[in-house]
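Shown next: query.csv, containing CSV, C-alpha atoms.
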```
chain,number,residue,atom,x,y,z
V,12,MET,CA,140.5,20.1,103.9
V,13,ASN,CA,139.5,16.6,103.2
V,14,LYS,CA,142.6,14.8,104.4
V,15,PRO,CA,142.7,11.5,106.3
V,16,VAL,CA,143.5,11.7,110.0
V,17,ILE,CA,146.1,9.4,111.6
V,18,LEU,CA,146.7,9.0,115.3
V,19,ALA,CA,150.4,8.2,115.7
V,20,SER,CA,149.9,5.8,118.6
V,21,LYS,CA,149.3,2.2,119.4
V,22,SER,CA,147.5,3.1,122.7
V,23,PRO,CA,143.9,1.8,122.9
V,24,ARG,CA,143.2,4.5,125.5
V,25,ARG,CA,144.3,7.3,123.1
V,26,LYS,CA,142.2,5.8,120.3
V,27,GLU,CA,139.2,5.6,122.6
V,28,LEU,CA,139.6,9.3,123.6
V,29,LEU,CA,140.0,10.5,120.0
V,30,GLU,CA,136.8,8.7,119.1
V,31,LYS,CA,135.0,11.3,121.3
V,32,CYS,CA,136.2,13.9,118.7
V,33,ILE,CA,136.1,12.3,115.3
V,34,SER,CA,135.4,9.1,113.6
V,35,GLY,CA,137.1,7.4,110.6
V,36,PHE,CA,140.7,8.0,111.6
V,37,THR,CA,143.4,5.3,111.6
V,38,CYS,CA,146.1,4.4,114.1
V,39,ILE,CA,149.7,4.0,113.1
V,40,PRO,CA,152.3,3.7,115.8
V,41,ALA,CA,155.5,5.8,115.4
V,42,ASP,CA,158.5,3.6,116.0
V,43,ILE,CA,160.9,6.3,117.3
V,44,ASP,CA,163.3,6.8,120.1
V,45,GLU,CA,161.2,8.1,123.0
V,46,THR,CA,164.2,9.2,125.2
V,47,ILE,CA,163.6,12.5,127.0
V,48,ASN,CA,166.4,14.7,128.3
V,49,GLU,CA,165.4,15.4,131.9
V,50,ASP,CA,167.8,18.3,132.1
V,51,ASN,CA,165.7,20.3,129.7
V,52,ASP,CA,162.4,22.0,130.2
V,53,LEU,CA,160.0,19.0,130.4
V,54,SER,CA,157.0,20.7,128.7
V,55,LEU,CA,159.3,21.5,125.8
V,56,GLU,CA,160.7,18.0,125.7
V,57,ILE,CA,157.3,16.4,125.7
V,58,LYS,CA,156.1,18.7,122.9
V,59,ARG,CA,159.2,17.7,120.9
V,60,LEU,CA,158.6,14.0,121.5
V,61,SER,CA,154.9,14.4,120.4
V,62,ARG,CA,156.2,16.2,117.3
V,63,ARG,CA,158.8,13.5,116.5
V,64,LYS,CA,156.0,10.9,116.7
V,65,ALA,CA,153.7,12.9,114.4
V,66,GLU,CA,156.5,13.7,111.9
V,67,HIS,CA,157.6,10.1,111.7
V,68,VAL,CA,154.2,9.0,110.5
V,69,LEU,CA,153.7,12.1,108.3
V,70,ALA,CA,156.9,11.1,106.5
V,71,SER,CA,155.3,8.0,105.1
V,72,HIS,CA,151.7,9.5,104.8
V,73,PRO,CA,152.4,13.1,103.5
V,74,ASN,CA,148.8,13.7,102.6
V,75,ALA,CA,147.5,13.1,106.1
V,76,ILE,CA,146.8,15.1,109.2
V,77,VAL,CA,148.8,13.3,111.9
V,78,ILE,CA,148.2,13.6,115.7
V,79,GLY,CA,151.1,12.8,118.0
V,80,SER,CA,150.9,12.8,121.8
V,81,ASP,CA,152.9,11.7,124.8
V,82,THR,CA,152.3,11.9,128.6
V,83,ILE,CA,154.8,11.9,131.4
V,84,VAL,CA,154.4,11.8,135.2
V,85,VAL,CA,156.7,14.1,137.0
V,86,VAL,CA,157.5,14.2,140.7
V,87,ASP,CA,160.3,16.4,142.2
V,88,GLY,CA,161.4,17.2,138.7
V,89,LYS,CA,162.0,13.6,137.9
V,90,ILE,CA,160.1,11.6,135.3
V,91,LEU,CA,158.4,8.4,136.3
V,92,GLY,CA,158.2,6.0,133.3
V,93,LYS,CA,156.4,2.7,133.0
V,94,PRO,CA,157.4,0.3,135.8
V,95,HIS,CA,159.4,-2.8,134.6
V,96,ASP,CA,158.0,-5.0,137.3
V,97,ASP,CA,155.7,-5.1,140.4
V,98,ASN,CA,158.5,-4.0,142.7
V,99,GLU,CA,159.2,-0.9,140.7
V,100,ALA,CA,155.4,-0.2,140.4
V,101,PHE,CA,155.2,-0.4,144.3
V,102,ALA,CA,158.1,2.0,144.6
V,103,MET,CA,156.5,4.5,142.2
V,104,VAL,CA,153.0,4.4,143.9
V,105,LYS,CA,154.7,4.8,147.3
V,106,LEU,CA,156.5,7.9,146.0
V,107,LEU,CA,153.2,9.4,144.7
V,108,GLN,CA,150.9,8.6,147.6
V,109,GLY,CA,150.0,11.4,150.0
V,110,ARG,CA,151.1,14.3,147.8
V,111,THR,CA,150.6,16.2,144.5
V,112,HIS,CA,152.5,15.5,141.3
V,113,GLN,CA,152.5,16.8,137.8
V,114,VAL,CA,151.3,15.2,134.6
V,115,ILE,CA,152.6,16.7,131.4
V,116,THR,CA,151.0,15.9,128.1
V,117,GLY,CA,152.3,17.0,124.7
V,118,LEU,CA,150.4,17.3,121.5
V,119,CYS,CA,151.3,17.8,117.9
V,120,VAL,CA,148.8,18.0,115.1
V,121,ILE,CA,150.7,18.2,111.8
V,122,SER,CA,150.1,18.2,108.1
V,123,SER,CA,152.3,19.2,105.1
V,124,GLU,CA,150.9,22.8,105.4
V,125,ARG,CA,150.5,23.3,109.2
V,126,THR,CA,151.9,22.4,112.6
V,127,TYR,CA,150.2,22.9,115.9
V,128,GLU,CA,152.0,22.0,119.2
V,129,ASP,CA,151.0,22.3,122.7
V,130,ALA,CA,151.7,21.0,126.2
V,131,SER,CA,149.2,20.7,129.0
V,132,VAL,CA,150.3,20.5,132.6
V,133,SER,CA,147.9,19.1,135.2
V,134,GLU,CA,148.3,18.4,138.9
V,135,VAL,CA,147.1,15.2,140.6
V,136,THR,CA,146.9,14.6,144.3
V,137,PHE,CA,146.9,11.1,145.8
V,138,ALA,CA,145.4,10.3,149.2
V,139,PRO,CA,147.9,8.7,151.7
V,140,MET,CA,148.2,5.0,151.1
V,141,SER,CA,149.4,2.3,153.4
V,142,ASP,CA,151.9,-0.3,152.1
V,143,GLU,CA,149.0,-2.9,152.2
V,144,GLU,CA,146.9,-0.6,150.0
V,145,ILE,CA,149.8,0.0,147.6
V,146,ALA,CA,150.4,-3.8,147.4
V,147,ALA,CA,146.7,-4.4,146.8
V,148,TYR,CA,146.7,-1.8,144.0
V,149,VAL,CA,149.8,-3.2,142.3
V,150,ALA,CA,148.1,-6.7,142.5
V,151,THR,CA,145.2,-5.4,140.3
V,152,GLY,CA,147.8,-5.5,137.4
V,153,GLU,CA,146.7,-2.0,136.4
V,154,CYS,CA,150.1,-0.4,137.0
V,155,ALA,CA,152.1,-2.5,134.5
V,156,ASP,CA,151.8,-0.5,131.3
V,157,LYS,CA,151.2,3.0,132.8
V,158,ALA,CA,153.6,5.9,133.2
V,159,GLY,CA,153.9,6.5,137.0
V,160,ALA,CA,152.4,3.1,137.6
V,161,TYR,CA,148.8,4.3,138.0
V,162,GLY,CA,145.6,4.8,135.9
V,163,ILE,CA,143.4,7.6,136.9
V,164,GLN,CA,140.5,6.1,134.9
V,165,GLY,CA,140.8,2.7,136.6
V,166,TYR,CA,141.1,1.4,140.1
V,167,GLY,CA,143.7,4.1,140.7
V,168,GLY,CA,140.8,6.6,140.7
V,169,LYS,CA,139.7,5.8,144.2
V,170,TYR,CA,143.1,7.0,145.6
V,171,ILE,CA,142.9,10.4,143.9
V,172,THR,CA,141.5,13.2,145.9
V,173,HIS,CA,142.0,16.2,143.6
V,174,ILE,CA,143.0,17.1,140.1
V,175,SER,CA,143.6,20.5,138.6
V,176,GLY,CA,143.9,20.6,134.8
V,177,ASP,CA,142.7,18.6,131.8
V,178,PHE,CA,141.4,15.2,132.9
V,179,TYR,CA,141.7,13.8,129.4
V,180,ALA,CA,145.3,15.0,129.1
V,181,ILE,CA,146.0,13.1,132.3
V,182,MET,CA,144.4,10.0,130.6
V,183,GLY,CA,146.7,10.5,127.6
V,184,LEU,CA,145.2,13.0,125.1
V,185,PRO,CA,144.2,16.6,125.6
V,186,LEU,CA,140.8,16.2,124.0
V,187,ASN,CA,139.8,19.9,123.9
V,188,LEU,CA,143.1,21.0,122.3
V,189,VAL,CA,142.8,18.2,119.7
V,190,TYR,CA,139.2,19.1,119.0
V,191,GLU,CA,139.8,22.9,118.6
V,192,GLU,CA,142.7,22.3,116.2
V,193,LEU,CA,140.8,19.8,114.1
V,194,LYS,CA,137.9,22.3,114.0
V,195,ARG,CA,140.3,24.9,112.7
V,196,ILE,CA,141.7,22.8,109.9
V,197,LEU,CA,138.9,20.3,108.8
D,12,MET,CA,131.8,-5.4,160.1
D,13,ASN,CA,130.4,-7.9,157.7
D,14,LYS,CA,127.3,-6.0,156.5
D,15,PRO,CA,125.9,-5.9,152.9
D,16,VAL,CA,126.6,-2.7,151.0
D,17,ILE,CA,123.7,-1.1,149.1
D,18,LEU,CA,124.0,1.8,146.6
D,19,ALA,CA,120.8,3.8,146.9
D,20,SER,CA,120.7,4.7,143.2
D,21,LYS,CA,119.4,3.5,139.9
D,22,SER,CA,122.2,5.2,138.0
D,23,PRO,CA,124.4,2.8,135.9
D,24,ARG,CA,127.2,5.4,136.0
D,25,ARG,CA,127.3,5.4,139.9
D,26,LYS,CA,127.2,1.6,139.9
D,27,GLU,CA,130.1,1.5,137.5
D,28,LEU,CA,132.1,4.0,139.6
D,29,LEU,CA,131.4,2.1,142.9
D,30,GLU,CA,132.7,-1.1,141.2
D,31,LYS,CA,136.1,0.6,141.2
D,32,CYS,CA,135.9,0.5,145.1
D,33,ILE,CA,134.1,-2.7,146.0
D,34,SER,CA,132.4,-5.7,144.5
D,35,GLY,CA,129.3,-7.6,145.7
D,36,PHE,CA,127.1,-4.6,146.5
D,37,THR,CA,123.5,-4.2,145.3
D,38,CYS,CA,121.6,-1.2,143.9
D,39,ILE,CA,118.2,-0.1,145.3
D,40,PRO,CA,116.8,3.2,144.1
D,41,ALA,CA,115.5,5.5,146.7
D,42,ASP,CA,112.1,6.7,145.7
D,43,ILE,CA,112.0,10.1,147.4
D,44,ASP,CA,111.2,13.7,146.7
D,45,GLU,CA,114.4,15.1,145.3
D,46,THR,CA,113.4,18.8,145.6
D,47,ILE,CA,116.1,21.1,146.8
D,48,ASN,CA,115.6,24.5,148.3
D,49,GLU,CA,117.7,26.9,146.2
D,50,ASP,CA,117.6,29.5,148.9
D,51,ASN,CA,119.6,27.4,151.3
D,52,ASP,CA,123.3,26.6,151.2
D,53,LEU,CA,123.6,24.2,148.3
D,54,SER,CA,126.3,22.0,149.7
D,55,LEU,CA,124.1,21.5,152.8
D,56,GLU,CA,121.1,20.8,150.7
D,57,ILE,CA,122.9,18.2,148.5
D,58,LYS,CA,124.2,16.5,151.6
D,59,ARG,CA,120.7,16.4,153.1
D,60,LEU,CA,119.3,14.9,149.8
D,61,SER,CA,122.1,12.3,149.8
D,62,ARG,CA,121.2,11.4,153.4
D,63,ARG,CA,117.5,11.2,152.6
D,64,LYS,CA,118.2,8.7,149.8
D,65,ALA,CA,120.4,6.6,152.0
D,66,GLU,CA,118.0,6.7,155.0
D,67,HIS,CA,115.1,5.7,152.8
D,68,VAL,CA,116.9,2.5,151.8
D,69,LEU,CA,118.3,1.9,155.3
D,70,ALA,CA,114.7,2.0,156.7
D,71,SER,CA,113.9,-1.2,154.7
D,72,HIS,CA,117.4,-2.7,155.0
D,73,PRO,CA,118.4,-1.9,158.6
D,74,ASN,CA,121.3,-4.4,158.6
D,75,ALA,CA,123.1,-2.8,155.6
D,76,ILE,CA,125.6,-0.1,154.9
D,77,VAL,CA,123.8,2.3,152.5
D,78,ILE,CA,125.5,4.8,150.1
D,79,GLY,CA,123.5,7.8,148.9
D,80,SER,CA,124.7,10.4,146.5
D,81,ASP,CA,123.5,13.2,144.4
D,82,THR,CA,125.1,15.7,142.0
D,83,ILE,CA,123.9,19.2,141.0
D,84,VAL,CA,125.3,21.6,138.4
D,85,VAL,CA,125.3,25.2,139.6
D,86,VAL,CA,125.8,28.4,137.6
D,87,ASP,CA,125.3,31.9,139.1
D,88,GLY,CA,123.8,30.3,142.2
D,89,LYS,CA,121.1,28.6,140.2
D,90,ILE,CA,120.8,24.8,139.9
D,91,LEU,CA,120.6,23.2,136.4
D,92,GLY,CA,118.6,20.0,136.5
D,93,LYS,CA,118.1,17.5,133.8
D,94,PRO,CA,116.7,19.1,130.6
D,95,HIS,CA,113.1,18.1,129.7
D,96,ASP,CA,113.7,18.4,125.9
D,97,ASP,CA,116.4,19.3,123.3
D,98,ASN,CA,115.4,23.0,123.4
D,99,GLU,CA,116.1,23.1,127.2
D,100,ALA,CA,119.3,21.1,126.7
D,101,PHE,CA,120.5,23.7,124.1
D,102,ALA,CA,119.7,26.6,126.5
D,103,MET,CA,121.6,24.9,129.3
D,104,VAL,CA,124.7,24.2,127.3
D,105,LYS,CA,124.6,27.7,125.9
D,106,LEU,CA,124.6,29.0,129.4
D,107,LEU,CA,127.6,26.9,130.4
D,108,GLN,CA,129.8,27.4,127.3
D,109,GLY,CA,132.8,29.8,127.6
D,110,ARG,CA,132.8,30.0,131.4
D,111,THR,CA,133.3,28.1,134.7
D,112,HIS,CA,130.5,26.5,136.7
D,113,GLN,CA,130.3,24.5,139.9
D,114,VAL,CA,129.4,20.8,140.3
D,115,ILE,CA,128.4,19.9,143.9
D,116,THR,CA,128.2,16.2,144.8
D,117,GLY,CA,126.8,15.0,148.1
D,118,LEU,CA,127.6,11.7,149.8
D,119,CYS,CA,126.1,9.9,152.7
D,120,VAL,CA,127.3,6.5,153.9
D,121,ILE,CA,125.0,5.3,156.6
D,122,SER,CA,124.4,2.2,158.8
D,123,SER,CA,122.4,1.7,162.0
D,124,GLU,CA,125.6,2.6,164.0
D,125,ARG,CA,127.2,5.3,162.0
D,126,THR,CA,126.6,8.2,159.6
D,127,TYR,CA,129.2,9.9,157.3
D,128,GLU,CA,128.2,12.8,155.2
D,129,ASP,CA,130.2,15.0,152.9
D,130,ALA,CA,129.9,17.4,150.0
D,131,SER,CA,132.5,17.9,147.3
D,132,VAL,CA,132.6,21.1,145.2
D,133,SER,CA,134.4,21.0,141.8
D,134,GLU,CA,134.8,23.7,139.1
D,135,VAL,CA,134.4,22.9,135.5
D,136,THR,CA,135.4,25.2,132.6
D,137,PHE,CA,133.8,24.9,129.1
D,138,ALA,CA,135.4,26.2,126.0
D,139,PRO,CA,133.4,28.8,124.0
D,140,MET,CA,130.9,27.0,121.7
D,141,SER,CA,129.1,28.3,118.7
D,142,ASP,CA,125.3,27.6,118.3
D,143,GLU,CA,126.2,25.0,115.6
D,144,GLU,CA,128.5,23.2,118.0
D,145,ILE,CA,125.8,23.3,120.8
D,146,ALA,CA,123.2,21.9,118.4
D,147,ALA,CA,125.6,19.2,117.2
D,148,TYR,CA,126.3,18.2,120.8
D,149,VAL,CA,122.6,18.1,121.7
D,150,ALA,CA,122.0,15.9,118.6
D,151,THR,CA,124.3,13.3,120.1
D,152,GLY,CA,121.5,12.5,122.6
D,153,GLU,CA,124.0,12.7,125.5
D,154,CYS,CA,122.3,15.6,127.2
D,155,ALA,CA,119.0,14.1,127.8
D,156,ASP,CA,119.4,12.4,131.2
D,157,LYS,CA,122.2,14.5,132.7
D,158,ALA,CA,122.1,17.4,135.2
D,159,GLY,CA,123.3,20.5,133.3
D,160,ALA,CA,122.7,18.7,130.0
D,161,TYR,CA,126.3,17.4,129.6
D,162,GLY,CA,128.4,14.4,130.4
D,163,ILE,CA,132.1,15.1,131.2
D,164,GLN,CA,132.9,11.4,130.5
D,165,GLY,CA,131.2,11.4,127.0
D,166,TYR,CA,131.2,13.6,124.0
D,167,GLY,CA,131.0,16.6,126.3
D,168,GLY,CA,134.6,16.0,127.4
D,169,LYS,CA,136.0,17.6,124.2
D,170,TYR,CA,134.4,21.0,125.1
D,171,ILE,CA,135.9,21.0,128.6
D,172,THR,CA,139.2,22.9,129.0
D,173,HIS,CA,139.8,22.6,132.8
D,174,ILE,CA,138.5,21.0,135.9
D,175,SER,CA,139.5,21.6,139.5
D,176,GLY,CA,138.3,19.1,142.1
D,177,ASP,CA,137.3,15.5,142.1
D,178,PHE,CA,136.7,14.1,138.6
D,179,TYR,CA,134.6,11.2,139.9
D,180,ALA,CA,132.4,13.5,142.0
D,181,ILE,CA,131.7,15.4,138.8
D,182,MET,CA,130.8,12.1,137.1
D,183,GLY,CA,128.4,11.3,140.1
D,184,LEU,CA,130.2,9.6,143.0
D,185,PRO,CA,133.1,11.0,145.0
D,186,LEU,CA,135.2,7.8,144.7
D,187,ASN,CA,137.9,8.6,147.2
D,188,LEU,CA,135.5,9.7,149.9
D,189,VAL,CA,133.5,6.5,149.5
D,190,TYR,CA,136.6,4.4,149.5
D,191,GLU,CA,138.0,6.0,152.6
D,192,GLU,CA,134.8,5.6,154.6
D,193,LEU,CA,134.3,2.0,153.5
D,194,LYS,CA,137.9,1.4,154.6
D,195,ARG,CA,137.1,2.8,158.0
D,196,ILE,CA,134.0,0.7,158.6
D,197,LEU,CA,134.5,-2.6,156.7
```
Rewrite the coordinates I just gave you, this time as structure tokens.
Amino acid sequence: MNKPVILASKSPRRKELLEKCISGFTCIPADIDETINEDNDLSLEIKRLSRRKAEHVLASHPNAIVIGSDTIVVVDGKILGKPHDDNEAFAMVKLLQGRTHQVITGLCVISSERTYEDASVSEVTFAPMSDEEIAAYVATGECADKAGAYGIQGYGGKYITHISGDFYAIMGLPLNLVYEELKRIL
Amino acid sequence: MNKPVILASKSPRRKELLEKCISGFTCIPADIDETINEDNDLSLEIKRLSRRKAEHVLASHPNAIVIGSDTIVVVDGKILGKPHDDNEAFAMVKLLQGRTHQVITGLCVISSERTYEDASVSEVTFAPMSDEEIAAYVATGECADKAGAYGIQGYGGKYITHISGDFYAIMGLPLNLVYEELKRIL
């Protein structure tokens, strides 16, 4: 197949990750409702959301291969979204410190002929953090635009003692799954 | 304590990682014999090597806090060092593909008063790779200066399906362990 590849995202982090796999793709954000029903199975929900993103872009680019992805941070079965302000960021990091939580990343690679969907669940363990440490971390500004108010690839990394799963999925794109699917179809 | 911090390394990757923890340190490579005795316990050996690096720099900077670290890739109890050429890089990646191996990272944080040593063992799983894929990966040039002939943070990332352990230790510096020790002493 010689189709153009589109990443249905405006995230610079996802773009940077996909560049490890392929070159020459374009990024088109999918302007969709990202609401998730927390009462349903969250892996299923995140797969569906990734698919809605990819389908939305495919609708206007029917000749392309479109990649959609979304990541959520889950603790005690509840989703932590992006914090609205520093107080909320502080509360989220305080909830995550000293324990293990889940990161669920959905993926959909879709073209007019073929659909591939997957969800990757990883576990991330934070070291115990004092309120002073949490405040110092929030003050770096890194929490603002991140689900769960932390970035594993940034200053947040020094508070993380263990991960089990796909590091790149935690960052926002399950790189090996994308690569394997593109290998199958390109 | 108000001592200067020195990273006993010439690795730009380790420097970049330590910058997530602290600012204002200097890097001084330790010019020592890095031979490891494969017949001994490898965690112990890598801790000793990290300590030798740190002690070497401390000897000429007795007022500093010195950080030494080293990382080895281990498969079937044998250490994979840095490949000498593309053929050796190919052979190493071929050995690693389709299975799980260990990455052991040693750490020593030393000052005239205090020594802290640790070793972190992580597991990394590669997807199966064809000879064509291995050759394409070697051709990126990424394998040349890396133990085990791969970089988890570079193009190598797309072949990795799972990790269990400390991602930053796999990259070359156990960030949380360094941070916790510096917090204790600074």
Could you produce a table of the residues of chain V lying within 9 Å of chain D, with the nearest pair of atoms per residue and their separation in Å rounded to one decimal, using all atoms listed in the file, ordered by chain and increasing residue number, as a Markdown table?
```
| residue | atom | partner | partner_atom | distance |
| --- | --- | --- | --- | --- |
| V:Glu30 | CA | D:Tyr166 | CA | 8.9 |
| V:Lys31 | CA | D:Tyr166 | CA | 5.2 |
| V:Cys32 | CA | D:Lys169 | CA | 6.6 |
| V:Ala138 | CA | D:Asn187 | CA | 7.9 |
| V:Gly165 | CA | D:Lys31 | CA | 6.9 |
| V:Tyr166 | CA | D:Lys31 | CA | 5.2 |
| V:Gly167 | CA | D:Lys31 | CA | 8.4 |
| V:Gly168 | CA | D:Leu186 | CA | 7.0 |
| V:Lys169 | CA | D:Asn187 | CA | 4.5 |
| V:Tyr170 | CA | D:Asn187 | CA | 5.7 |
| V:Ile171 | CA | D:Asn187 | CA | 6.3 |
| V:Thr172 | CA | D:Asn187 | CA | 6.0 |
| V:His173 | CA | D:Gly176 | CA | 4.9 |
| V:Ile174 | CA | D:Gly176 | CA | 5.5 |
| V:Ser175 | CA | D:Ser175 | CA | 4.3 |
| V:Gly176 | CA | D:His173 | CA | 5.0 |
| V:Asp177 | CA | D:His173 | CA | 5.0 |
| V:Phe178 | CA | D:Ile174 | CA | 7.1 |
| V:Tyr179 | CA | D:Gly168 | CA | 7.7 |
| V:Pro185 | CA | D:Lys169 | CA | 8.4 |
| V:Leu186 | CA | D:Lys169 | CA | 5.0 |
| V:Asn187 | CA | D:Lys169 | CA | 4.5 |
| V:Leu188 | CA | D:Thr172 | CA | 8.0 |
| V:Val189 | CA | D:Lys169 | CA | 8.2 |
| V:Tyr190 | CA | D:Lys169 | CA | 6.3 |
| V:Glu191 | CA | D:Lys169 | CA | 8.6 |
```
Please report the interatomic distance between atom CA of V:Asp156 and atom CA of V:Pro94 in Å with one decimal. 7.2 Å
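For the choices D:Leu69, D:Leu106, D:Glu143, D:Leu18, the atom-to-atom distance to D:Tyr161 is smallest for D:Leu106 when using all atoms listed in the file.
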Could you list, as a PDB file with C-alpha atoms, in the coordinates of the input, every residue within 12 Å of D:Cys154, counting all atoms listed in the file and ignoring same-chain residues fewer than 6 positions away?
```
ATOM      1  CA  GLY D  92     118.600  20.000 136.500  1.00  0.00           C
ATOM      2  CA  LYS D  93     118.100  17.500 133.800  1.00  0.00           C
ATOM      3  CA  PRO D  94     116.700  19.100 130.600  1.00  0.00           C
ATOM      4  CA  HIS D  95     113.100  18.100 129.700  1.00  0.00           C
ATOM      5  CA  ASP D  96     113.700  18.400 125.900  1.00  0.00           C
ATOM      6  CA  ASP D  97     116.400  19.300 123.300  1.00  0.00           C
ATOM      7  CA  ASN D  98     115.400  23.000 123.400  1.00  0.00           C
ATOM      8  CA  GLU D  99     116.100  23.100 127.200  1.00  0.00           C
ATOM      9  CA  ALA D 100     119.300  21.100 126.700  1.00  0.00           C
ATOM     10  CA  PHE D 101     120.500  23.700 124.100  1.00  0.00           C
ATOM     11  CA  ALA D 102     119.700  26.600 126.500  1.00  0.00           C
ATOM     12  CA  MET D 103     121.600  24.900 129.300  1.00  0.00           C
ATOM     13  CA  VAL D 104     124.700  24.200 127.300  1.00  0.00           C
ATOM     14  CA  ILE D 145     125.800  23.300 120.800  1.00  0.00           C
ATOM     15  CA  ALA D 146     123.200  21.900 118.400  1.00  0.00           C
ATOM     16  CA  ALA D 147     125.600  19.200 117.200  1.00  0.00           C
ATOM     17  CA  TYR D 148     126.300  18.200 120.800  1.00  0.00           C
ATOM     18  CA  ALA D 160     122.700  18.700 130.000  1.00  0.00           C
ATOM     19  CA  TYR D 161     126.300  17.400 129.600  1.00  0.00           C
ATOM     20  CA  GLY D 162     128.400  14.400 130.400  1.00  0.00           C
ATOM     21  CA  ILE D 163     132.100  15.100 131.200  1.00  0.00           C
ATOM     22  CA  GLN D 164     132.900  11.400 130.500  1.00  0.00           C
ATOM     23  CA  GLY D 165     131.200  11.400 127.000  1.00  0.00           C
ATOM     24  CA  TYR D 166     131.200  13.600 124.000  1.00  0.00           C
ATOM     25  CA  GLY D 167     131.000  16.600 126.300  1.00  0.00           C
TER      26      GLY D 167
END
```
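Considering all atoms listed in the file, the residue among D:Glu128, D:Glu153, D:Asp42, D:Glu144 positioned nearest to D:Ile78 is D:Glu128.
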I need every residue sitting at most 12 Å from the point (130.4, 8.0, 159.5) (coordinates as in the file, only C-alpha atoms considered), written as a short mmCIF file (atom, residue, chain, number, x, y, z; two decimals) with C-alpha atoms, keeping the file's coordinate frame.
```cif
data_model
loop_
_atom_site.label_atom_id
_atom_site.label_comp_id
_atom_site.auth_asym_id
_atom_site.auth_seq_id
_atom_site.Cartn_x
_atom_site.Cartn_y
_atom_site.Cartn_z
CA ARG D 62 121.20 11.40 153.40
CA ILE D 76 125.60 -0.10 154.90
CA VAL D 77 123.80 2.30 152.50
CA ILE D 78 125.50 4.80 150.10
CA LEU D 118 127.60 11.70 149.80
CA CYS D 119 126.10 9.90 152.70
CA VAL D 120 127.30 6.50 153.90
CA ILE D 121 125.00 5.30 156.60
CA SER D 122 124.40 2.20 158.80
CA SER D 123 122.40 1.70 162.00
CA GLU D 124 125.60 2.60 164.00
CA ARG D 125 127.20 5.30 162.00
CA THR D 126 126.60 8.20 159.60
CA TYR D 127 129.20 9.90 157.30
CA GLU D 128 128.20 12.80 155.20
CA ASP D 129 130.20 15.00 152.90
CA LEU D 188 135.50 9.70 149.90
CA VAL D 189 133.50 6.50 149.50
CA GLU D 191 138.00 6.00 152.60
CA GLU D 192 134.80 5.60 154.60
CA LEU D 193 134.30 2.00 153.50
CA LYS D 194 137.90 1.40 154.60
CA ARG D 195 137.10 2.80 158.00
CA ILE D 196 134.00 0.70 158.60
CA LEU D 197 134.50 -2.60 156.70
#
```
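In this model, the gap between atom CA of V:Ala155 and atom CA of V:Arg24 comes to 14.5 Å.
With all atoms listed in the file as the atoms that count, the residue of D:Ile43, D:Gly88, D:Lys105, D:Thr111 with the shortest distance to D:Val149 is D:Lys105.
You will find atom CA of V:Glu56 at 14.5 Å from atom CA of V:Leu91.
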Given the choices D:Asn51, D:Asn74, D:Thr37, D:Thr116, which gets closest to D:Asn13 if the distance is worked out from only C-alpha atoms? D:Asn74
